[in-house]
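J.: Would you mind keeping the following structure in view while I ask a few things?
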There are 4 protein chains.
Amino acid sequence: MRVKGVKKVVLAYSGGLDTSVILKWLQTTYGCEVVTFTADLGQGEELGPARDKAKLLGIKEENIFIDDLRETFTKDFVFPMFRANALYEGLYLLGTSIARPLIAQRQIEIAEQVGADAVSHGATGKGNDQVRFEISYYALKPDIKIIAPWREWDLASRTKLIEFAEQHQIPIAKDKRGEAPFSVDANLLHSSSEGKILEEPWDAPDEMVWQRTVSPMEAPDSPTEITVQFKRGDAVGINGEALSPAALLTKLNALGKENGIGRLDLVENRFVGMKSRGCYETPGGTILHYAHRAIESITLDREAAHLKDSLMPRYAECIYNGFWFSPERRMLQALIDSSQESVEGEVRLKLYKGNVIVTGRRSPHSLYSMKHVTFEEDQGAYDQFDAQGFIKLNALRLRLGAMAGRRGGAL
Amino acid sequence: MRVKGVKKVVLAYSGGLDTSVILKWLQTTYGCEVVTFTADLGQGEELGPARDKAKLLGIKEENIFIDDLRETFTKDFVFPMFRANALYEGLYLLGTSIARPLIAQRQIEIAEQVGADAVSHGATGKGNDQVRFEISYYALKPDIKIIAPWREWDLASRTKLIEFAEQHQIPIAKDKRGEAPFSVDANLLHSSSEGKILEEPWDAPDEMVWQRTVSPMEAPDSPTEITVQFKRGDAVGINGEALSPAALLTKLNALGKENGIGRLDLVENRFVGMKSRGCYETPGGTILHYAHRAIESITLDREAAHLKDSLMPRYAECIYNGFWFSPERRMLQALIDSSQESVEGEVRLKLYKGNVIVTGRRSPHSLYSMKHVTFEEDQGAYDQFDAQGFIKLNALRLRLGAMAGRRGGAL
Amino acid sequence: MRVKGVKKVVLAYSGGLDTSVILKWLQTTYGCEVVTFTADLGQGEELGPARDKAKLLGIKEENIFIDDLRETFTKDFVFPMFRANALYEGLYLLGTSIARPLIAQRQIEIAEQVGADAVSHGATGKGNDQVRFEISYYALKPDIKIIAPWREWDLASRTKLIEFAEQHQIPIAKDKRGEAPFSVDANLLHSSSEGKILEEPWDAPDEMVWQRTVSPMEAPDSPTEITVQFKRGDAVGINGEALSPAALLTKLNALGKENGIGRLDLVENRFVGMKSRGCYETPGGTILHYAHRAIESITLDREAAHLKDSLMPRYAECIYNGFWFSPERRMLQALIDSSQESVEGEVRLKLYKGNVIVTGRRSPHSLYSMKHVTFEEDQGAYDQFDAQGFIKLNALRLRLGAMAGRRGGAL
Amino acid sequence: MRVKGVKKVVLAYSGGLDTSVILKWLQTTYGCEVVTFTADLGQGEELGPARDKAKLLGIKEENIFIDDLRETFTKDFVFPMFRANALYEGLYLLGTSIARPLIAQRQIEIAEQVGADAVSHGATGKGNDQVRFEISYYALKPDIKIIAPWREWDLASRTKLIEFAEQHQIPIAKDKRGEAPFSVDANLLHSSSEGKILEEPWDAPDEMVWQRTVSPMEAPDSPTEITVQFKRGDAVGINGEALSPAALLTKLNALGKENGIGRLDLVENRFVGMKSRGCYETPGGTILHYAHRAIESITLDREAAHLKDSLMPRYAECIYNGFWFSPERRMLQALIDSSQESVEGEVRLKLYKGNVIVTGRRSPHSLYSMKHVTFEEDQGAYDQFDAQGFIKLNALRLRLGAMAGRRGGAL
């Protein structure tokens, strides 16, 4: 089922084999003008070759867009998400999910700039990424046409893909001829691997799966101690040195990588209704997550913290499912951001063979009152007798229940 | 302010100096009969001395109650809580909190058995434990009288306590004369340390604080691989060997201990309104937590899992605040337990220097469908084209919003 | 896009024109054997004509299924939902939503009984009902084939439908020739009207839209007083007379109808992503809703009630969206049902021109303690001084915040 | 237990007998300077007599503060709360709760202005109002001293109170000599009655309890039709006439009163742990509540609306329990307010004998798309075929579950 009447399409183009095939397929199948958009999100690949390859495949100079989005990505997407301590299904730091809306946003901006009526992406029809891309597209430009080649074409097998590439003189790197043993996505926040050899959830992942971190077993035998500085809920420095968002995350990644931090082997639930297994590496993000919780632990009011915690799963679901550009995500963000005003200070951490160990936290806005909590004489800061009334009234409803025959909180 | 008319009191008695002083203080201040209750919850101390000391302090044989509650504790308190994946404030496995209601329950049972009209405990007026004990007492026996010596007496300083002990011929172990550098609570699930030298949250805890685990740095250089078997949401075996709940937790503790697993240095929010810093060790519980999440990852439906996750903070709060014996905890437990029917199977883990690494999971009730998720040809198990309608209707409200001028999910 | 290989299909058949056309269309388009299923859910129509019409259209006697499901509907679907006080979007009592899973369940049972491989329904492709039917089908029989004629055929306009009917000798009632001014669904719980003349949300609905209730303006000038008896959260009697679930709801409907109770004119959000306007009448259900809240008000513990309230929107969403047969609905139901153990007693209500006025409630399990709440001397039941400690510790975190510069709960 | 060292106290003073006795009791018991604060919150009493009485009781002119707070009350407290559609325990519009923080705030402002070190209020030790006042005091001024006479003194019985009044030459209105049959609180939003003759929850309230509304039975026989205009979630006009917040609420009260709207007879759960019964009248607020929901119904995105609904009980609890000045209420408000940007337009309502009947709603920012929802030909606005993929992927997890033996969403 072809999308009708497409004239110009903006393709999210990595320069790799798959999106090169898509590029050519769009040209040949749709006969439309193709505009390529390649972003540096910190995936660790040079963008020059993408430009060359696009030209080689006949894309006009003015139709090639290449952007370094690392700072925007970190500042406007990663950091807001980390303010929420977001973990999908208790464990996953959402590294792939958070990059999709930014890519989609730039595609739509470019589409409006060049007068394109369609966008296209290289995500398959089974995964979450198609949902994240397309929901973002629609939210930003409701009349956009969307071409999702993987749901349309008949190049589903590797053999056919390679055949098509050969037919159309698409250069194929030697190591891409064979089937990749698993599929990879990467950006400044994380790297994910899934599929193929990782599909059996009982099989341990091969060490070669891990690309962003050394094994905890290979990490240094002595810990690295660092401090992270925070302001309004965002990390702003490491070891006292102020850093831009992307520079900071890059540095945390290096620290995490060498200390074997941030690996996760997870079976998760996709929005499209099936379970899948992914191996994720989020070295810097893992450090950031624990550091952020630690600075919040002394600067956030209890109920503020608990309210955030109770909404975190909902927020993480928003991002995982692709609803970054949605009213509900914006409302939750308003709540979360409002809580971060005083989340400022410093956290000390030890990084050691996969462990992120918080060893200290301090803040000019600390709510920790040594005077109150001390085991020593507190000079009347706290009247222990108050606890009696507190307990008695908290227990009153349960006592009334027990008197009415419902002992022990029976229903 | 003395409680009025107390005739017989059941004291939660550890045999240590503090509760021995309380015992004597109850006798001298209240002039009432004292019944001691000492429980083995796996704190790692022998109970014989508690019996001897109680006798020495004049407690009649029939008024001394000593119980081994390790199996009950694990089976009826720890395991139900782990079904919920409960973490207080994102990190704390609730090791102290979960023991209090059981102790309170036994005290009330004994009070009813011996015809006592009061109970007493050794928790201070600043902490959570007084709340947990007393709310449980009230919920189980609404007319019970409660004596909380630490809120009543004038023995707040160490010197006065020691003086009182000497005056009343209470034996004082040599190492108890001086001030302990921090306060400890322990049971089969965990050990907690807090107070004194731990009060400054910027100071890293001294290594001597950790009593249940070797340092990750001292742990073996090669990982230990284990499997954990589950049935209806509870761990039932290790490496294929069936074990009783307490035996299983004991074994996981040993495995965790030697691999440096389960340390946590946390600033948390107490129910009484102040922040405090605790150093917790939950070696076996930490392994169990990750293993349980892993077996759930392949056996729980997505929305079942997300619903559990969204309620977990509320459940953890119940337990932390002392509301085990409450309608709301029972209701949440009914929801949680109903979800665990098919949570059965096996998880493989690597334990290594503080890391709990899940490397495999399998189940007779697995919902993971390789046929659906595969990158390979799936023979029509999944129609990729369905994704288009799924996305379009999920996006419809956002498109309608954008058409009405609210682009990108603007409000 | 035709469903492939259908041999025998179970059609949800009302006997009306639309489903008769579907019946014939299935025979002619799919060439398959058609089994009709007609249920009495209290919609207020006789079922005899449905049988006759099915025969007339060539359905074999053994392929005609007609069931009176009123008791099951009320007992196993309506009552469990009312235990939750479910209101979709704050106002809607979910009368249509709750009937769909039962119809689907019977269709699947019949399909298994007669060896059918497909089911079919008459819901359109824009509404919620298709989702409710089909999700239920799939959840109950994952390999079932589903034929949704309204999404497939080309009989979308009234004219074409009538033409098709005439071509195939389907009898057309006189008043069905023209376009109905709006579309109606009804069952024992409610009647809904939508579409056509109701589509403009600024236009007030014509009085003729309301079919189940007299107008409040036409209702009697003096109130009707009734009592409703409850047991385990379900209504079991009216004015002291024990009644079966369906008999009770029937009687409440009569009472509600004559007193103008239960009309609702609502713009709601459909699961498929658009807003729609419906006019609902739920006379008995509205009375039941208020009565249930009233009996809960004296028998449910505060936190039990608040927990239920906090989950109610999620529960209502489950049902509205069609996920009755889902793990999450079952888990929520387990929580809700566990709370209803002591929800027993009696409520007195005045019904008057659209108003349901609760004037009294009493229960053998009441938690209301006059002794505690009284403005009179309470003989020590409650120590007012306890409130001081209660307030001081509840305020402590806010005081610590204010001391740290965050006055008035500032963040 | 007297509060120590009080020099100057700001008393929330109504001018009535009870607070006059408190005034005198503070002078005689504490020997401190008393500053009176009397607010017009729309309770419907003149403030002149309060000034005269304060003078008569020896309060210096500069120590008498009288403020008209009706606009502030409505604009900064009532309206923000109505943006949330807040209902405590499903039914109560929180009329008393919302006034307390404003009174407390002004008392603290005055205390800072006049250099007072204490505040005092006339709420009893059993109710919620003491909590609301005192938590607000502490949050705004953490070192404030609080005198709660009802928890301290021995004037608990009416006889003693009258004796004290006579002893101290406090004028006693004739109708105040006897015991009032119930206790009343009132402000611009509502009037509440409780205690004494209302304490038995099975007894219907006497008609004399209702003071703000005519009985539905006495209300006019023909409906009153009005329109309410909204902007950014707040009502800004009635029948097209722009009105200030307090003027608008005053007018809605008049409309509600004459049409018998806004009565509620409720057993509710107090924060201090007991159940109580209150009879509330919120005539204008009830109209406003339904009107606000109606304007939201066409202007709020579905998930925005559902998110609000899911948090509403938590928000209502905040206000009921007295935590207006708290981080959690501020965070929730940030979320709620962010959702109201486009909540603009007009609602038409019929008021008739206790009924608030929405008959129309329209908005320049409407998300209601007749083009999409119509039963008529929609010219491709909506592709019904999309529903198939939507349903199939929404059902996928349930199908996988059923294939694994868990039919019908079994766990």
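Labels used: A, B, ... for chains in the order of the structure tokens, numbers from 1 for residues in each chain, and numbers from 1 for ligands as shown.
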Counting only C-alpha atoms, which residues from chain B have an atom at most 6 Å from any atom of chain C, and could you show them as a list of chain:residue names?
T.: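 Close enough to count are B:Val272, B:Gly273, B:Glu303, B:Ala304, B:Pro327, B:Glu328, B:Met331, B:Ala334, B:Leu335, B:Leu393, B:Leu396, B:Arg397.
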J.: Please write the residues from the selection above to a file, keeping all heavy atoms, as a PDB file, in the first residue's frame.
T.:
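Writing done, so here's selection_26.pdb:
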```
ATOM      1  N   VAL B 272       8.427  10.499  60.401  1.00  0.00           N
ATOM      2  CA  VAL B 272       8.239  11.554  61.400  1.00  0.00           C
ATOM      3  C   VAL B 272       8.686  12.921  60.901  1.00  0.00           C
ATOM      4  O   VAL B 272       8.609  13.900  61.644  1.00  0.00           O
ATOM      5  CB  VAL B 272       8.948  11.229  62.734  1.00  0.00           C
ATOM      6  CG1 VAL B 272       8.280  10.031  63.405  1.00  0.00           C
ATOM      7  CG2 VAL B 272      10.433  10.977  62.529  1.00  0.00           C
ATOM      8  N   GLY B 273       9.169  13.023  59.670  1.00  0.00           N
ATOM      9  CA  GLY B 273       9.340  14.346  59.079  1.00  0.00           C
ATOM     10  C   GLY B 273      10.763  14.849  58.902  1.00  0.00           C
ATOM     11  O   GLY B 273      10.970  15.954  58.407  1.00  0.00           O
ATOM     12  N   GLU B 303       0.865  -4.773  30.973  1.00  0.00           N
ATOM     13  CA  GLU B 303       0.068  -3.874  31.797  1.00  0.00           C
ATOM     14  C   GLU B 303       0.003  -4.343  33.245  1.00  0.00           C
ATOM     15  O   GLU B 303      -0.111  -3.533  34.152  1.00  0.00           O
ATOM     16  CB  GLU B 303      -1.335  -3.700  31.205  1.00  0.00           C
ATOM     17  CG  GLU B 303      -1.339  -2.988  29.865  1.00  0.00           C
ATOM     18  CD  GLU B 303      -0.661  -1.621  29.903  1.00  0.00           C
ATOM     19  OE1 GLU B 303      -0.974  -0.824  30.799  1.00  0.00           O
ATOM     20  OE2 GLU B 303       0.201  -1.346  29.042  1.00  0.00           O
ATOM     21  N   ALA B 304       0.101  -5.642  33.450  1.00  0.00           N
ATOM     22  CA  ALA B 304       0.202  -6.149  34.817  1.00  0.00           C
ATOM     23  C   ALA B 304       1.477  -5.606  35.461  1.00  0.00           C
ATOM     24  O   ALA B 304       1.473  -5.114  36.589  1.00  0.00           O
ATOM     25  CB  ALA B 304       0.207  -7.677  34.813  1.00  0.00           C
ATOM     26  N   PRO B 327      -5.709  -1.943  55.980  1.00  0.00           N
ATOM     27  CA  PRO B 327      -6.517  -2.312  54.817  1.00  0.00           C
ATOM     28  C   PRO B 327      -5.809  -1.996  53.503  1.00  0.00           C
ATOM     29  O   PRO B 327      -5.875  -2.788  52.564  1.00  0.00           O
ATOM     30  CB  PRO B 327      -7.774  -1.445  54.974  1.00  0.00           C
ATOM     31  CG  PRO B 327      -7.837  -1.102  56.416  1.00  0.00           C
ATOM     32  CD  PRO B 327      -6.421  -1.023  56.883  1.00  0.00           C
ATOM     33  N   GLU B 328      -5.139  -0.855  53.434  1.00  0.00           N
ATOM     34  CA  GLU B 328      -4.533  -0.469  52.152  1.00  0.00           C
ATOM     35  C   GLU B 328      -3.401  -1.420  51.779  1.00  0.00           C
ATOM     36  O   GLU B 328      -3.243  -1.780  50.620  1.00  0.00           O
ATOM     37  CB  GLU B 328      -4.065   0.991  52.180  1.00  0.00           C
ATOM     38  CG  GLU B 328      -2.991   1.346  53.168  1.00  0.00           C
ATOM     39  CD  GLU B 328      -3.517   1.733  54.544  1.00  0.00           C
ATOM     40  OE1 GLU B 328      -4.635   1.319  54.901  1.00  0.00           O
ATOM     41  OE2 GLU B 328      -2.776   2.447  55.277  1.00  0.00           O
ATOM     42  N   MET B 331      -5.040  -4.597  50.568  1.00  0.00           N
ATOM     43  CA  MET B 331      -5.625  -4.436  49.234  1.00  0.00           C
ATOM     44  C   MET B 331      -4.530  -4.472  48.160  1.00  0.00           C
ATOM     45  O   MET B 331      -4.677  -5.133  47.127  1.00  0.00           O
ATOM     46  CB  MET B 331      -6.398  -3.118  49.151  1.00  0.00           C
ATOM     47  CG  MET B 331      -7.708  -3.122  49.924  1.00  0.00           C
ATOM     48  SD  MET B 331      -8.375  -1.450  50.213  1.00  0.00           S
ATOM     49  CE  MET B 331      -8.799  -0.966  48.530  1.00  0.00           C
ATOM     50  N   ALA B 334      -3.364  -7.940  47.740  1.00  0.00           N
ATOM     51  CA  ALA B 334      -4.294  -8.751  46.945  1.00  0.00           C
ATOM     52  C   ALA B 334      -4.040  -8.538  45.455  1.00  0.00           C
ATOM     53  O   ALA B 334      -4.020  -9.489  44.669  1.00  0.00           O
ATOM     54  CB  ALA B 334      -5.745  -8.394  47.301  1.00  0.00           C
ATOM     55  N   LEU B 335      -3.838  -7.296  45.078  1.00  0.00           N
ATOM     56  CA  LEU B 335      -3.535  -6.985  43.676  1.00  0.00           C
ATOM     57  C   LEU B 335      -2.208  -7.626  43.263  1.00  0.00           C
ATOM     58  O   LEU B 335      -2.110  -8.280  42.215  1.00  0.00           O
ATOM     59  CB  LEU B 335      -3.495  -5.464  43.503  1.00  0.00           C
ATOM     60  CG  LEU B 335      -3.161  -4.927  42.116  1.00  0.00           C
ATOM     61  CD1 LEU B 335      -3.931  -3.623  41.853  1.00  0.00           C
ATOM     62  CD2 LEU B 335      -1.672  -4.667  41.927  1.00  0.00           C
ATOM     63  N   LEU B 393      -3.973   5.707  14.883  1.00  0.00           N
ATOM     64  CA  LEU B 393      -5.015   5.999  15.878  1.00  0.00           C
ATOM     65  C   LEU B 393      -4.411   6.464  17.198  1.00  0.00           C
ATOM     66  O   LEU B 393      -4.988   7.294  17.890  1.00  0.00           O
ATOM     67  CB  LEU B 393      -5.949   4.807  16.073  1.00  0.00           C
ATOM     68  CG  LEU B 393      -6.807   4.469  14.848  1.00  0.00           C
ATOM     69  CD1 LEU B 393      -8.041   3.696  15.261  1.00  0.00           C
ATOM     70  CD2 LEU B 393      -7.217   5.715  14.073  1.00  0.00           C
ATOM     71  N   LEU B 396      -3.914  10.054  16.624  1.00  0.00           N
ATOM     72  CA  LEU B 396      -5.035  10.873  16.149  1.00  0.00           C
ATOM     73  C   LEU B 396      -5.310  12.081  17.036  1.00  0.00           C
ATOM     74  O   LEU B 396      -5.450  13.208  16.561  1.00  0.00           O
ATOM     75  CB  LEU B 396      -6.300  10.007  16.001  1.00  0.00           C
ATOM     76  CG  LEU B 396      -7.549  10.735  15.492  1.00  0.00           C
ATOM     77  CD1 LEU B 396      -7.282  11.480  14.186  1.00  0.00           C
ATOM     78  CD2 LEU B 396      -8.712   9.761  15.317  1.00  0.00           C
ATOM     79  N   ARG B 397      -5.357  11.857  18.350  1.00  0.00           N
ATOM     80  CA  ARG B 397      -5.655  12.982  19.243  1.00  0.00           C
ATOM     81  C   ARG B 397      -4.594  14.084  19.133  1.00  0.00           C
ATOM     82  O   ARG B 397      -4.886  15.268  19.262  1.00  0.00           O
ATOM     83  CB  ARG B 397      -5.793  12.509  20.691  1.00  0.00           C
ATOM     84  CG  ARG B 397      -4.526  11.926  21.247  1.00  0.00           C
ATOM     85  CD  ARG B 397      -4.696  11.353  22.656  1.00  0.00           C
ATOM     86  NE  ARG B 397      -3.485  10.680  23.071  1.00  0.00           N
ATOM     87  CZ  ARG B 397      -2.490  11.251  23.767  1.00  0.00           C
ATOM     88  NH1 ARG B 397      -2.588  12.507  24.148  1.00  0.00           N
ATOM     89  NH2 ARG B 397      -1.398  10.576  24.083  1.00  0.00           N
TER      90      ARG B 397
END
```
J.: Excluding same-chain residues fewer than 2 positions from Gln107 in chain D, what lies within 12 Å of it counting only C-alpha atoms, as a PyMOL selection string?
T.: chain D and resi 9-13+35-39+64-67+100-105+109-121+133-134+136-138+140-141+144+146
J.: From a DSSP pass on the backbone, collect the residues of range 210-408 of chain C flagged as helix (DSSP H, G or I) and hand them back as a ChimeraX atom specification.
T.: /C:216-218,245-258,283-299,302-321,327-339,370-373,386-403,407-408
J.: Please provide as a VMD selection string all residues within 9 Å of Lys196 in chain D, with the sequence filter that same-chain residues fewer than 4 positions apart are discarded (counting only C-alpha atoms).
T.: (chain C and resid 374 to 376) or (chain D and resid 180 to 183 200)
J.: Compile the contact shell of Lys353 in chain A as number ranges by chain: residues with an atom at most 7 Å away, counting only C-alpha atoms, same-chain residues fewer than 4 positions apart removed.
T.: A: 216-217, 219-220, 259-261
J.: Taking 6 positions as the minimum chain separation for residues in the same chain, which residues sit within 12 Å of Glu45 in chain B when counting only C-alpha atoms? Answer as a PyMOL selection string.
T.: chain B and resi 14-16+38-39+68+185-188
J.: Hey, can you spit out that residue selection with all heavy atoms as a PDB file, in the first residue's frame?
T.:
```pdb
ATOM      1  N   SER B  14      15.905  -7.720  73.608  1.00  0.00           N
ATOM      2  CA  SER B  14      16.988  -8.294  72.795  1.00  0.00           C
ATOM      3  C   SER B  14      18.035  -8.987  73.662  1.00  0.00           C
ATOM      4  O   SER B  14      18.840  -9.774  73.177  1.00  0.00           O
ATOM      5  CB  SER B  14      17.674  -7.188  71.991  1.00  0.00           C
ATOM      6  OG  SER B  14      18.452  -6.378  72.872  1.00  0.00           O
ATOM      7  N   GLY B  15      18.049  -8.649  74.952  1.00  0.00           N
ATOM      8  CA  GLY B  15      19.117  -9.148  75.815  1.00  0.00           C
ATOM      9  C   GLY B  15      20.286  -8.189  75.898  1.00  0.00           C
ATOM     10  O   GLY B  15      21.206  -8.381  76.689  1.00  0.00           O
ATOM     11  N   GLY B  16      20.260  -7.140  75.091  1.00  0.00           N
ATOM     12  CA  GLY B  16      21.341  -6.157  75.102  1.00  0.00           C
ATOM     13  C   GLY B  16      21.205  -5.186  76.270  1.00  0.00           C
ATOM     14  O   GLY B  16      20.249  -5.258  77.050  1.00  0.00           O
ATOM     15  N   THR B  38      11.819 -12.399  73.101  1.00  0.00           N
ATOM     16  CA  THR B  38      13.038 -12.308  72.297  1.00  0.00           C
ATOM     17  C   THR B  38      12.842 -13.164  71.060  1.00  0.00           C
ATOM     18  O   THR B  38      12.458 -14.322  71.161  1.00  0.00           O
ATOM     19  CB  THR B  38      14.242 -12.816  73.100  1.00  0.00           C
ATOM     20  OG1 THR B  38      14.236 -12.175  74.379  1.00  0.00           O
ATOM     21  CG2 THR B  38      15.544 -12.509  72.379  1.00  0.00           C
ATOM     22  N   ALA B  39      13.092 -12.569  69.907  1.00  0.00           N
ATOM     23  CA  ALA B  39      12.853 -13.294  68.667  1.00  0.00           C
ATOM     24  C   ALA B  39      14.153 -13.514  67.918  1.00  0.00           C
ATOM     25  O   ALA B  39      15.011 -12.645  67.884  1.00  0.00           O
ATOM     26  CB  ALA B  39      11.891 -12.521  67.790  1.00  0.00           C
ATOM     27  N   ASP B  68      11.977 -18.682  67.509  1.00  0.00           N
ATOM     28  CA  ASP B  68      12.687 -18.637  66.230  1.00  0.00           C
ATOM     29  C   ASP B  68      11.664 -18.312  65.148  1.00  0.00           C
ATOM     30  O   ASP B  68      10.855 -19.153  64.774  1.00  0.00           O
ATOM     31  CB  ASP B  68      13.352 -19.992  65.957  1.00  0.00           C
ATOM     32  CG  ASP B  68      14.118 -19.967  64.656  1.00  0.00           C
ATOM     33  OD1 ASP B  68      13.997 -18.979  63.889  1.00  0.00           O
ATOM     34  OD2 ASP B  68      14.859 -20.931  64.398  1.00  0.00           O
ATOM     35  N   ASP B 185      20.839  -2.236  63.496  1.00  0.00           N
ATOM     36  CA  ASP B 185      19.710  -3.158  63.562  1.00  0.00           C
ATOM     37  C   ASP B 185      19.940  -4.243  62.525  1.00  0.00           C
ATOM     38  O   ASP B 185      20.429  -3.971  61.428  1.00  0.00           O
ATOM     39  CB  ASP B 185      18.388  -2.442  63.257  1.00  0.00           C
ATOM     40  CG  ASP B 185      17.228  -3.432  63.196  1.00  0.00           C
ATOM     41  OD1 ASP B 185      16.873  -3.986  64.243  1.00  0.00           O
ATOM     42  OD2 ASP B 185      16.697  -3.661  62.085  1.00  0.00           O
ATOM     43  N   ALA B 186      19.598  -5.474  62.895  1.00  0.00           N
ATOM     44  CA  ALA B 186      19.867  -6.559  61.942  1.00  0.00           C
ATOM     45  C   ALA B 186      18.785  -7.608  62.004  1.00  0.00           C
ATOM     46  O   ALA B 186      18.131  -7.815  63.035  1.00  0.00           O
ATOM     47  CB  ALA B 186      21.217  -7.195  62.240  1.00  0.00           C
ATOM     48  N   ASN B 187      18.561  -8.248  60.874  1.00  0.00           N
ATOM     49  CA  ASN B 187      17.718  -9.442  60.807  1.00  0.00           C
ATOM     50  C   ASN B 187      18.128 -10.240  59.577  1.00  0.00           C
ATOM     51  O   ASN B 187      19.135  -9.910  58.935  1.00  0.00           O
ATOM     52  CB  ASN B 187      16.232  -9.053  60.782  1.00  0.00           C
ATOM     53  CG  ASN B 187      15.896  -8.163  59.597  1.00  0.00           C
ATOM     54  OD1 ASN B 187      16.288  -8.443  58.464  1.00  0.00           O
ATOM     55  ND2 ASN B 187      15.186  -7.076  59.862  1.00  0.00           N
ATOM     56  N   LEU B 188      17.360 -11.272  59.287  1.00  0.00           N
ATOM     57  CA  LEU B 188      17.786 -12.151  58.193  1.00  0.00           C
ATOM     58  C   LEU B 188      17.847 -11.422  56.854  1.00  0.00           C
ATOM     59  O   LEU B 188      18.614 -11.795  55.958  1.00  0.00           O
ATOM     60  CB  LEU B 188      16.809 -13.335  58.079  1.00  0.00           C
ATOM     61  CG  LEU B 188      17.291 -14.507  57.225  1.00  0.00           C
ATOM     62  CD1 LEU B 188      18.591 -15.072  57.749  1.00  0.00           C
ATOM     63  CD2 LEU B 188      16.228 -15.596  57.166  1.00  0.00           C
TER      64      LEU B 188
END
```
J.: Record the distance separating CA of Leu155 in chain A and CA of Ile135 in chain A, expressed in Å with one decimal.
T.: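 Computing it gives 24.6 Å between the two atoms.
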J.: Need the shell around Glu61 in chain C: protein/DNA/RNA residues with any atom at most 9 Å away, counting only C-alpha atoms. Skip same-chain ones fewer than 5 positions apart. Format as a list in words?
T.: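 Near Glu61 in chain C, the qualifying residues are Arg51, Ala54 and Lys55 of chain C.
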J.: Can you measure CA of Leu94 in chain D to CA of Leu69 in chain D for me? One decimal in Å is fine.
T.: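 CA of Leu94 in chain D sits 18.0 Å away from CA of Leu69 in chain D.
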J.: Which neighbours of range 166-170 of chain A fall inside 9 Å, counting only C-alpha atoms, when residues of the same chain fewer than 6 positions from it are skipped, and could you give them as a ChimeraX atom specification?
T.: /A:17,20-21,24,53,56-57
J.: Find the residue from D:Arg277, D:Arg293, D:Lys8, D:Arg348 that sits nearest to Gly360 in chain C; use only C-alpha atoms when measuring.
T.: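 Of D:Arg277, D:Arg293, D:Lys8, D:Arg348, the one nearest Gly360 in chain C, counting only C-alpha atoms, is D:Arg277.
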